[in-house]
>>> print(open('final.pdb').read())   # PDB, C-alpha atoms
ATOM      1  CA  MET A 261     -32.972  16.283  -2.815
ATOM      2  CA  THR A 262     -35.634  16.537  -0.158
ATOM      3  CA  THR A 263     -37.312  19.713   1.103
ATOM      4  CA  SER A 264     -35.514  19.364   4.425
ATOM      5  CA  ASP A 265     -32.199  19.150   2.559
ATOM      6  CA  GLN A 266     -32.995  22.405   0.762
ATOM      7  CA  PHE A 267     -33.720  24.200   3.996
ATOM      8  CA  SER A 268     -30.659  22.759   5.730
ATOM      9  CA  GLY A 269     -28.363  24.047   2.975
ATOM     10  CA  TRP A 270     -27.355  20.612   1.696
ATOM     11  CA  THR A 271     -25.729  20.448  -1.727
ATOM     12  CA  PRO A 272     -23.420  17.835  -3.292
ATOM     13  CA  ILE A 273     -20.567  20.356  -3.169
ATOM     14  CA  ALA A 274     -21.230  21.113   0.500
ATOM     15  CA  GLU A 275     -21.230  17.393   1.282
ATOM     16  CA  GLU A 276     -17.915  16.868  -0.494
ATOM     17  CA  ALA A 277     -16.428  19.894   1.280
ATOM     18  CA  ALA A 278     -17.500  18.428   4.613
ATOM     19  CA  ARG A 279     -15.837  15.125   3.728
ATOM     20  CA  ALA A 280     -12.660  16.933   2.642
ATOM     21  CA  THR A 281     -12.549  18.770   5.966
ATOM     22  CA  LYS A 282     -12.839  15.429   7.757
ATOM     23  CA  VAL A 283      -9.877  14.060   5.806
ATOM     24  CA  LEU A 284      -7.653  17.115   6.143
ATOM     25  CA  HIS A 285      -8.504  17.675   9.793
ATOM     26  CA  PRO A 286      -9.106  14.247  11.345
ATOM     27  CA  ASP A 287     -10.867  14.138  14.692
ATOM     28  CA  ALA A 288      -9.110  13.741  17.997
ATOM     29  CA  GLN A 289      -9.399   9.955  17.856
ATOM     30  CA  GLN A 290      -5.919   8.991  16.699
ATOM     31  CA  LEU A 291      -5.218   5.614  15.165
ATOM     32  CA  PRO A 292      -3.490   3.160  17.507
ATOM     33  CA  GLN A 293       0.263   2.896  17.226
ATOM     34  CA  PRO A 294       1.344  -0.727  16.659
ATOM     35  CA  ALA A 295       3.149  -2.402  19.540
ATOM     36  CA  ARG A 296       5.935  -3.233  17.120
ATOM     37  CA  ARG A 297       6.787  -1.841  13.697
ATOM     38  CA  ARG A 298       4.676  -3.355  10.902
ATOM     39  CA  ILE A 299       6.393  -4.143   7.609
ATOM     40  CA  LEU A 300       3.957  -4.955   4.800
ATOM     41  CA  THR A 301       4.784  -6.036   1.275
ATOM     42  CA  VAL A 302       2.077  -5.040  -1.219
ATOM     43  CA  ALA A 303       2.229  -7.677  -3.924
ATOM     44  CA  ASN A 304       0.316  -8.957  -6.922
ATOM     45  CA  GLN A 305       2.111  -9.931 -10.118
ATOM     46  CA  LYS A 306      -0.997  -9.033 -12.097
ATOM     47  CA  GLY A 307      -0.718  -5.454 -13.362
ATOM     48  CA  GLY A 308      -3.448  -2.859 -13.057
ATOM     49  CA  VAL A 309      -4.977  -4.089  -9.806
ATOM     50  CA  GLY A 310      -4.380  -0.892  -7.825
ATOM     51  CA  LYS A 311      -1.241  -2.102  -6.076
ATOM     52  CA  THR A 312       0.792   1.113  -6.144
ATOM     53  CA  THR A 313      -2.343   3.228  -5.730
ATOM     54  CA  SER A 314      -3.276   1.264  -2.623
ATOM     55  CA  THR A 315       0.272   1.439  -1.246
ATOM     56  CA  VAL A 316       0.560   5.216  -1.400
ATOM     57  CA  ASN A 317      -3.008   5.981  -0.319
ATOM     58  CA  LEU A 318      -2.978   3.611   2.656
ATOM     59  CA  ALA A 319       0.358   5.130   3.663
ATOM     60  CA  ALA A 320      -1.076   8.648   3.326
ATOM     61  CA  ALA A 321      -4.189   7.682   5.319
ATOM     62  CA  LEU A 322      -2.079   6.441   8.223
ATOM     63  CA  ALA A 323       0.203   9.494   8.051
ATOM     64  CA  ILE A 324      -2.788  11.846   8.216
ATOM     65  CA  HIS A 325      -3.664  10.281  11.557
ATOM     66  CA  GLY A 326      -0.228  10.970  13.016
ATOM     67  CA  LEU A 327       1.494   7.648  12.370
ATOM     68  CA  LYS A 328       4.927   7.702  10.796
ATOM     69  CA  VAL A 329       5.063   5.755   7.528
ATOM     70  CA  LEU A 330       7.894   4.735   5.196
ATOM     71  CA  VAL A 331       7.171   3.626   1.615
ATOM     72  CA  ILE A 332       9.817   1.578  -0.197
ATOM     73  CA  ASP A 333       9.351   1.931  -3.956
ATOM     74  CA  LEU A 334      10.656  -1.351  -5.360
ATOM     75  CA  ASP A 335       9.136  -0.907  -8.827
ATOM     76  CA  PRO A 336      11.550   0.441 -11.481
ATOM     77  CA  GLN A 337       8.669   2.467 -12.963
ATOM     78  CA  GLY A 338       8.785   4.659  -9.843
ATOM     79  CA  ASN A 339       5.037   5.282  -9.739
ATOM     80  CA  ALA A 340       4.875   5.294  -5.934
ATOM     81  CA  SER A 341       7.648   7.902  -5.854
ATOM     82  CA  THR A 342       5.696  10.042  -8.324
ATOM     83  CA  ALA A 343       2.452   9.818  -6.348
ATOM     84  CA  LEU A 344       4.215  10.833  -3.146
ATOM     85  CA  GLY A 345       5.887  13.831  -4.775
ATOM     86  CA  VAL A 346       9.412  12.479  -4.277
ATOM     87  CA  GLU A 347      12.219  13.102  -6.776
ATOM     88  CA  HIS A 348      13.296   9.940  -8.614
ATOM     89  CA  ARG A 349      15.374  11.051 -11.578
ATOM     90  CA  SER A 350      18.481   9.025 -12.371
ATOM     91  CA  GLY A 351      21.229   9.975  -9.911
ATOM     92  CA  THR A 352      18.842  10.509  -7.004
ATOM     93  CA  PRO A 353      19.730   8.391  -3.922
ATOM     94  CA  SER A 354      17.350   5.468  -4.293
ATOM     95  CA  ILE A 355      16.472   1.901  -3.332
ATOM     96  CA  TYR A 356      18.953   0.674  -5.961
ATOM     97  CA  GLU A 357      21.932   2.065  -4.021
ATOM     98  CA  VAL A 358      20.406   0.653  -0.832
ATOM     99  CA  LEU A 359      20.141  -2.853  -2.322
ATOM    100  CA  ILE A 360      23.730  -2.929  -3.548
ATOM    101  CA  GLY A 361      24.922  -1.663  -0.170
ATOM    102  CA  GLU A 362      26.225   1.775  -1.122
ATOM    103  CA  ILE A 363      23.963   3.795   1.203
ATOM    104  CA  SER A 364      21.595   3.204   4.105
ATOM    105  CA  VAL A 365      17.809   3.368   3.911
ATOM    106  CA  SER A 366      17.800   6.564   5.972
ATOM    107  CA  ASP A 367      20.203   8.204   3.500
ATOM    108  CA  ALA A 368      17.846   7.389   0.603
ATOM    109  CA  ALA A 369      14.563   8.270   2.328
ATOM    110  CA  ALA A 370      12.941  11.570   1.345
ATOM    111  CA  VAL A 371      10.014  13.315   3.012
ATOM    112  CA  SER A 372       6.870  13.318   0.900
ATOM    113  CA  SER A 373       5.561  16.713  -0.154
ATOM    114  CA  GLN A 374       2.177  15.691   1.259
ATOM    115  CA  SER A 375       2.974  14.955   4.902
ATOM    116  CA  ASP A 376       5.846  15.326   7.339
ATOM    117  CA  ASN A 377       4.929  11.856   8.639
ATOM    118  CA  LEU A 378       5.331  10.232   5.230
ATOM    119  CA  TYR A 379       8.705   9.140   3.849
ATOM    120  CA  CYS A 380       9.615   7.395   0.617
ATOM    121  CA  VAL A 381      12.730   5.611  -0.599
ATOM    122  CA  PRO A 382      12.349   6.269  -4.344
ATOM    123  CA  ALA A 383      12.981   3.985  -7.298
ATOM    124  CA  THR A 384      14.999   5.274 -10.238
ATOM    125  CA  ILE A 385      15.503   3.747 -13.677
ATOM    126  CA  ASP A 386      18.731   2.199 -12.306
ATOM    127  CA  LEU A 387      16.548  -0.356 -10.521
ATOM    128  CA  ALA A 388      15.559  -1.873 -13.887
ATOM    129  CA  GLY A 389      18.841  -3.773 -14.097
ATOM    130  CA  ALA A 390      19.036  -4.626 -10.422
ATOM    131  CA  GLU A 391      17.535  -8.118 -10.761
ATOM    132  CA  ILE A 392      20.387  -9.136 -13.067
ATOM    133  CA  GLU A 393      23.003  -7.638 -10.733
ATOM    134  CA  LEU A 394      21.460  -9.247  -7.663
ATOM    135  CA  VAL A 395      21.786 -12.753  -9.136
ATOM    136  CA  SER A 396      25.550 -12.806  -8.567
ATOM    137  CA  MET A 397      25.479 -11.102  -5.169
ATOM    138  CA  PRO A 398      25.774 -12.965  -1.857
ATOM    139  CA  ASN A 399      22.473 -13.353   0.007
ATOM    140  CA  ARG A 400      20.664 -12.153  -3.097
ATOM    141  CA  GLU A 401      17.185 -12.849  -1.677
ATOM    142  CA  GLY A 402      17.918 -11.086   1.610
ATOM    143  CA  ARG A 403      19.473  -7.795   0.465
ATOM    144  CA  LEU A 404      16.393  -5.744   1.326
ATOM    145  CA  LYS A 405      15.948  -7.468   4.682
ATOM    146  CA  GLU A 406      19.520  -6.523   5.579
ATOM    147  CA  ALA A 407      18.865  -2.923   4.525
ATOM    148  CA  LEU A 408      15.661  -2.794   6.604
ATOM    149  CA  SER A 409      17.237  -4.113   9.784
ATOM    150  CA  PRO A 410      15.731  -2.821  13.056
ATOM    151  CA  GLU A 411      18.852  -0.719  13.620
ATOM    152  CA  ALA A 412      18.598   0.897  10.169
ATOM    153  CA  LEU A 413      14.873   1.627  10.541
ATOM    154  CA  ASP A 414      15.361   3.029  14.039
ATOM    155  CA  GLU A 415      17.035   6.039  12.431
ATOM    156  CA  LEU A 416      13.683   6.930  10.807
ATOM    157  CA  ARG A 417      11.442   5.344  13.475
ATOM    158  CA  PRO A 418       8.478   4.519  11.199
ATOM    159  CA  ASP A 419       5.406   2.811  12.649
ATOM    160  CA  TYR A 420       4.612   1.266   9.263
ATOM    161  CA  VAL A 421       6.764   0.262   6.303
ATOM    162  CA  PHE A 422       5.029  -0.452   2.980
ATOM    163  CA  ILE A 423       7.023  -2.140   0.204
ATOM    164  CA  ASP A 424       5.557  -1.580  -3.269
ATOM    165  CA  CYS A 425       6.543  -4.449  -5.582
ATOM    166  CA  PRO A 426       6.852  -4.581  -9.362
ATOM    167  CA  PRO A 427       4.132  -6.527 -11.231
ATOM    168  CA  SER A 428       6.223  -9.706 -11.422
ATOM    169  CA  LEU A 429       7.433 -12.581  -9.256
ATOM    170  CA  GLY A 430      11.134 -11.914  -9.810
ATOM    171  CA  LEU A 431      14.012 -11.353  -7.434
ATOM    172  CA  LEU A 432      12.864  -7.878  -6.372
ATOM    173  CA  THR A 433       9.503  -9.263  -5.228
ATOM    174  CA  VAL A 434      11.242 -12.147  -3.452
ATOM    175  CA  ASN A 435      13.408  -9.594  -1.631
ATOM    176  CA  ALA A 436      10.261  -7.755  -0.561
ATOM    177  CA  LEU A 437       8.663 -10.973   0.741
ATOM    178  CA  VAL A 438      11.787 -11.920   2.680
ATOM    179  CA  ALA A 439      12.021  -8.443   4.259
ATOM    180  CA  ALA A 440       8.398  -8.230   5.441
ATOM    181  CA  ARG A 441       6.308  -9.783   8.186
ATOM    182  CA  GLU A 442       3.013  -9.288   6.365
ATOM    183  CA  VAL A 443       1.701  -9.428   2.806
ATOM    184  CA  LEU A 444      -1.128  -7.193   1.597
ATOM    185  CA  ILE A 445      -2.691  -8.352  -1.673
ATOM    186  CA  PRO A 446      -4.907  -5.958  -3.649
ATOM    187  CA  ILE A 447      -7.487  -7.807  -5.776
ATOM    188  CA  GLN A 448      -9.593  -5.969  -8.323
ATOM    189  CA  CYS A 449     -13.345  -6.704  -8.453
ATOM    190  CA  GLU A 450     -13.254  -7.681 -12.112
ATOM    191  CA  TYR A 451     -13.247 -10.731 -14.359
ATOM    192  CA  TYR A 452     -10.114 -12.896 -13.975
ATOM    193  CA  ALA A 453      -9.527 -11.277 -10.572
ATOM    194  CA  LEU A 454      -8.143 -14.487  -9.093
ATOM    195  CA  GLU A 455      -6.191 -15.464 -12.205
ATOM    196  CA  GLY A 456      -2.531 -15.858 -11.322
ATOM    197  CA  LEU A 457      -3.190 -15.415  -7.618
ATOM    198  CA  GLY A 458      -2.470 -19.099  -7.025
ATOM    199  CA  GLN A 459       1.083 -18.645  -8.327
ATOM    200  CA  LEU A 460       1.631 -15.688  -5.991
ATOM    201  CA  LEU A 461       0.376 -17.715  -3.020
ATOM    202  CA  ARG A 462       2.644 -20.644  -3.981
ATOM    203  CA  ASN A 463       5.632 -18.289  -4.131
ATOM    204  CA  ILE A 464       4.706 -16.904  -0.716
ATOM    205  CA  GLU A 465       4.564 -20.474   0.634
ATOM    206  CA  LEU A 466       8.033 -21.164  -0.789
ATOM    207  CA  VAL A 467       9.392 -18.027   0.876
ATOM    208  CA  GLN A 468       7.739 -19.081   4.141
ATOM    209  CA  ALA A 469       9.264 -22.542   3.900
ATOM    210  CA  HIS A 470      12.810 -21.554   2.990
ATOM    211  CA  LEU A 471      13.519 -17.880   3.646
ATOM    212  CA  ASN A 472      10.986 -16.182   5.950
ATOM    213  CA  PRO A 473       8.908 -18.485   8.187
ATOM    214  CA  THR A 474       7.241 -15.527   9.930
ATOM    215  CA  LEU A 475       5.670 -14.182   6.713
ATOM    216  CA  ASP A 476       1.876 -13.996   6.819
ATOM    217  CA  VAL A 477      -0.772 -13.043   4.252
ATOM    218  CA  SER A 478      -2.525 -10.750   6.699
ATOM    219  CA  THR A 479      -4.616  -8.485   4.465
ATOM    220  CA  ILE A 480      -6.637  -8.663   1.249
ATOM    221  CA  LEU A 481      -7.944  -5.380  -0.168
ATOM    222  CA  LEU A 482     -10.695  -5.346  -2.804
ATOM    223  CA  THR A 483     -10.166  -2.558  -5.338
ATOM    224  CA  MET A 484     -11.901  -1.090  -8.413
ATOM    225  CA  TYR A 485     -15.353  -2.039  -7.155
ATOM    226  CA  ASP A 486     -18.185  -0.971  -9.460
ATOM    227  CA  GLY A 487     -21.512  -1.305  -7.646
ATOM    228  CA  ARG A 488     -23.410  -1.100 -10.937
ATOM    229  CA  THR A 489     -22.317  -4.581 -11.983
ATOM    230  CA  LYS A 490     -23.285  -7.997 -10.655
ATOM    231  CA  LEU A 491     -19.780  -9.183 -11.482
ATOM    232  CA  ALA A 492     -18.239  -6.962  -8.814
ATOM    233  CA  ASP A 493     -20.513  -8.449  -6.159
ATOM    234  CA  GLN A 494     -19.759 -11.973  -7.378
ATOM    235  CA  VAL A 495     -15.999 -11.401  -7.199
ATOM    236  CA  THR A 496     -16.335  -9.783  -3.764
ATOM    237  CA  ALA A 497     -18.343 -12.754  -2.461
ATOM    238  CA  GLU A 498     -15.853 -15.243  -3.933
ATOM    239  CA  VAL A 499     -12.824 -13.493  -2.426
ATOM    240  CA  ARG A 500     -14.488 -13.189   0.996
ATOM    241  CA  SER A 501     -15.501 -16.857   0.855
ATOM    242  CA  HIS A 502     -11.941 -17.917   0.031
ATOM    243  CA  PHE A 503      -9.929 -15.615   2.310
ATOM    244  CA  GLY A 504     -12.428 -14.985   5.122
ATOM    245  CA  ASP A 505     -11.359 -12.508   7.810
ATOM    246  CA  HIS A 506      -8.195 -11.568   5.933
ATOM    247  CA  VAL A 507     -10.319  -9.409   3.607
ATOM    248  CA  LEU A 508     -10.849  -5.821   4.746
ATOM    249  CA  LYS A 509     -14.498  -4.830   5.076
ATOM    250  CA  THR A 510     -13.718  -1.586   3.271
ATOM    251  CA  VAL A 511     -13.864  -1.858  -0.519
ATOM    252  CA  ILE A 512     -12.166   0.673  -2.799
ATOM    253  CA  PRO A 513     -14.553   1.918  -5.530
ATOM    254  CA  ARG A 514     -13.596   2.495  -9.131
ATOM    255  CA  SER A 515     -12.947   6.232  -9.188
ATOM    256  CA  VAL A 516     -11.809   8.774 -11.752
ATOM    257  CA  LYS A 517     -10.241  10.864  -8.982
ATOM    258  CA  VAL A 518      -8.128   7.928  -7.805
ATOM    259  CA  SER A 519      -6.897   7.446 -11.380
ATOM    260  CA  GLU A 520      -6.197  11.144 -11.944
ATOM    261  CA  ALA A 521      -4.243  11.834  -8.746
ATOM    262  CA  PRO A 522      -0.870  10.250  -9.748
ATOM    263  CA  GLY A 523      -0.796  12.443 -12.854
ATOM    264  CA  PHE A 524      -0.559  15.428 -10.520
ATOM    265  CA  GLY A 525       2.101  13.799  -8.337
ATOM    266  CA  GLN A 526      -0.344  13.279  -5.480
ATOM    267  CA  THR A 527      -2.280  10.686  -3.555
ATOM    268  CA  VAL A 528      -6.055  10.924  -3.893
ATOM    269  CA  LEU A 529      -6.210  12.109  -0.272
ATOM    270  CA  ALA A 530      -4.231  15.196  -1.287
ATOM    271  CA  TYR A 531      -5.710  15.584  -4.786
ATOM    272  CA  ASP A 532      -9.395  15.381  -3.863
ATOM    273  CA  PRO A 533      -9.817  14.664  -0.137
ATOM    274  CA  GLY A 534     -13.616  14.795  -0.327
ATOM    275  CA  SER A 535     -13.939  12.152  -3.027
ATOM    276  CA  ARG A 536     -15.329   8.663  -2.466
ATOM    277  CA  GLY A 537     -11.939   7.180  -3.271
ATOM    278  CA  ALA A 538     -10.193   9.285  -0.622
ATOM    279  CA  MET A 539     -12.773   8.410   2.013
ATOM    280  CA  SER A 540     -12.526   4.717   1.155
ATOM    281  CA  TYR A 541      -8.738   4.681   1.545
ATOM    282  CA  LEU A 542      -9.071   6.606   4.793
ATOM    283  CA  ASP A 543     -11.482   3.942   6.068
ATOM    284  CA  ALA A 544      -9.222   1.136   4.818
ATOM    285  CA  GLY A 545      -6.212   2.669   6.590
ATOM    286  CA  ARG A 546      -8.194   2.972   9.811
ATOM    287  CA  GLU A 547      -9.342  -0.643   9.522
ATOM    288  CA  LEU A 548      -5.793  -1.829   8.799
ATOM    289  CA  ALA A 549      -4.470  -0.088  11.911
ATOM    290  CA  ILE A 550      -7.241  -1.284  14.226
ATOM    291  CA  ARG A 551      -7.081  -4.878  12.942
ATOM    292  CA  GLY A 552      -3.334  -4.840  13.509
ATOM    293  CA  THR A 553      -3.703  -4.029  17.196
ATOM    294  CA  GLN A 554      -6.389  -6.707  17.523
ATOM    295  CA  MET A 555      -4.014  -9.253  15.946
ATOM    296  CA  GLU A 556      -1.311  -8.293  18.436
ATOM    297  CA  ARG A 557      -3.627  -9.107  21.339
ATOM    298  CA  THR A 558      -4.428 -12.599  20.065
TER     299      THR A 558
END
>>> encode(input="final.pdb", output="structure tokens")
Amino acid sequence: MTTSDQFSGWTPIAEEAARATKVLHPDAQQLPQPARRRILTVANQKGGVGKTTSTVNLAAALAIHGLKVLVIDLDPQGNASTALGVEHRSGTPSIYEVLIGEISVSDAAAVSSQSDNLYCVPATIDLAGAEIELVSMPNREGRLKEALSPEALDELRPDYVFIDCPPSLGLLTVNALVAAREVLIPIQCEYYALEGLGQLLRNIELVQAHLNPTLDVSTILLTMYDGRTKLADQVTAEVRSHFGDHVLKTVIPRSVKVSEAPGFGQTVLAYDPGSRGAMSYLDAGRELAIRGTQMERT
């Protein structure tokens, strides 16, 4: 700490408090509302890459800036529901009942405890057997797309819809890819980061060819970045070289606070808004929104 810092009253705690204030009370510059509703599937069959964490924190970042966001929890573990503070015990109206056609998405959606702009359709344990049930159903790959029709979503009027997938390439993930216009792939900055990614991209190509020709891999988000290692920089450079402009400039650091937040039923933006992880997701959300409007103009 410099002498000028001492006289100006700078301390690490004061700096974090200032960052927290920025998160909790964003400036007057609101994020642009998309010209049309954006539906993004967050997918990576590799577990532990920050998929659910990125889903809920990007959603919270956009909601903080006044945009209305709906999260579809399509993972039977229900981690996204937990992080958003939404009830998901067995018997709760959930995405399972939506998929089998018993209720509408608006009937299952619950407001997150963290923002009035943030909604979640929870996943209950009932979803664990849904893949087997879906096999015998008509239009088994398009059940979620039917449920997320423009008319159904107009009841909630979200600007963004994020679909959090299970860590697999099964029928639930296929439903998510068919229902969305965009795919967001989180990739961790660690060894074997690109392992298995080829299979995901091949599945996306199959969905594009046969079920959803408008699907686009629009966004790659680098997660779990540890600036102390050369490996993280090598992975970052490799991903940027391969995917180019699809990769967000913002990188999510490895953070204890990000890992702790779900245990308290919160996003990191609610749990510790002044942390590096919270600020990074806020920046990533801002970049996602601005890039989306730029894509619409081209």
>>> resolve_selection(input="final.pdb", expression="the PyMOL selection byres ((chain A and resi 460) around 12)", output="short mmCIF file (atom, residue, chain, number, x, y, z; two decimals) with C-alpha atoms, keeping the file's coordinate frame")
data_model
loop_
_atom_site.label_atom_id
_atom_site.label_comp_id
_atom_site.auth_asym_id
_atom_site.auth_seq_id
_atom_site.Cartn_x
_atom_site.Cartn_y
_atom_site.Cartn_z
CA VAL A 302 2.08 -5.04 -1.22
CA ALA A 303 2.23 -7.68 -3.92
CA ASN A 304 0.32 -8.96 -6.92
CA GLN A 305 2.11 -9.93 -10.12
CA LYS A 306 -1.00 -9.03 -12.10
CA PRO A 427 4.13 -6.53 -11.23
CA SER A 428 6.22 -9.71 -11.42
CA LEU A 429 7.43 -12.58 -9.26
CA GLY A 430 11.13 -11.91 -9.81
CA THR A 433 9.50 -9.26 -5.23
CA VAL A 434 11.24 -12.15 -3.45
CA LEU A 437 8.66 -10.97 0.74
CA VAL A 443 1.70 -9.43 2.81
CA LEU A 444 -1.13 -7.19 1.60
CA ILE A 445 -2.69 -8.35 -1.67
CA PRO A 446 -4.91 -5.96 -3.65
CA LEU A 454 -8.14 -14.49 -9.09
CA GLU A 455 -6.19 -15.46 -12.20
CA GLY A 456 -2.53 -15.86 -11.32
CA LEU A 457 -3.19 -15.42 -7.62
CA GLY A 458 -2.47 -19.10 -7.02
CA GLN A 459 1.08 -18.64 -8.33
CA LEU A 461 0.38 -17.72 -3.02
CA ARG A 462 2.64 -20.64 -3.98
CA ASN A 463 5.63 -18.29 -4.13
CA ILE A 464 4.71 -16.90 -0.72
CA GLU A 465 4.56 -20.47 0.63
CA LEU A 466 8.03 -21.16 -0.79
CA VAL A 467 9.39 -18.03 0.88
CA VAL A 477 -0.77 -13.04 4.25
#
>>> atom_distance(input="final.pdb", atom1="CA of Arg400 in chain A", atom2="CA of Val438 in chain A")
10.6 Å
>>> atom_distance(input="final.pdb", atom1="CA of Asp486 in chain A", atom2="CA of Ala538 in chain A")
15.7 Å
>>> closest_residue(input="final.pdb", among="A:Ala383, A:Leu431, A:Ala412, A:Ala295", to="Asn399 in chain A", atoms="only C-alpha atoms")
A:Leu431
>>> axis_aligned_box(input="final.pdb", around="range 533-543 of chain A", padding_each_side="3 Å", output="JSON")
{"center_x": -12.0, "center_y": 9.4, "center_z": 1.4, "size_x": 12.6, "size_y": 16.9, "size_z": 15.3}
>>> closest_residue(input="final.pdb", among="A:Thr496, A:Glu362, A:Lys328, A:Ser501", to="Asp376 in chain A", atoms="all atoms listed in the file")
A:Lys328
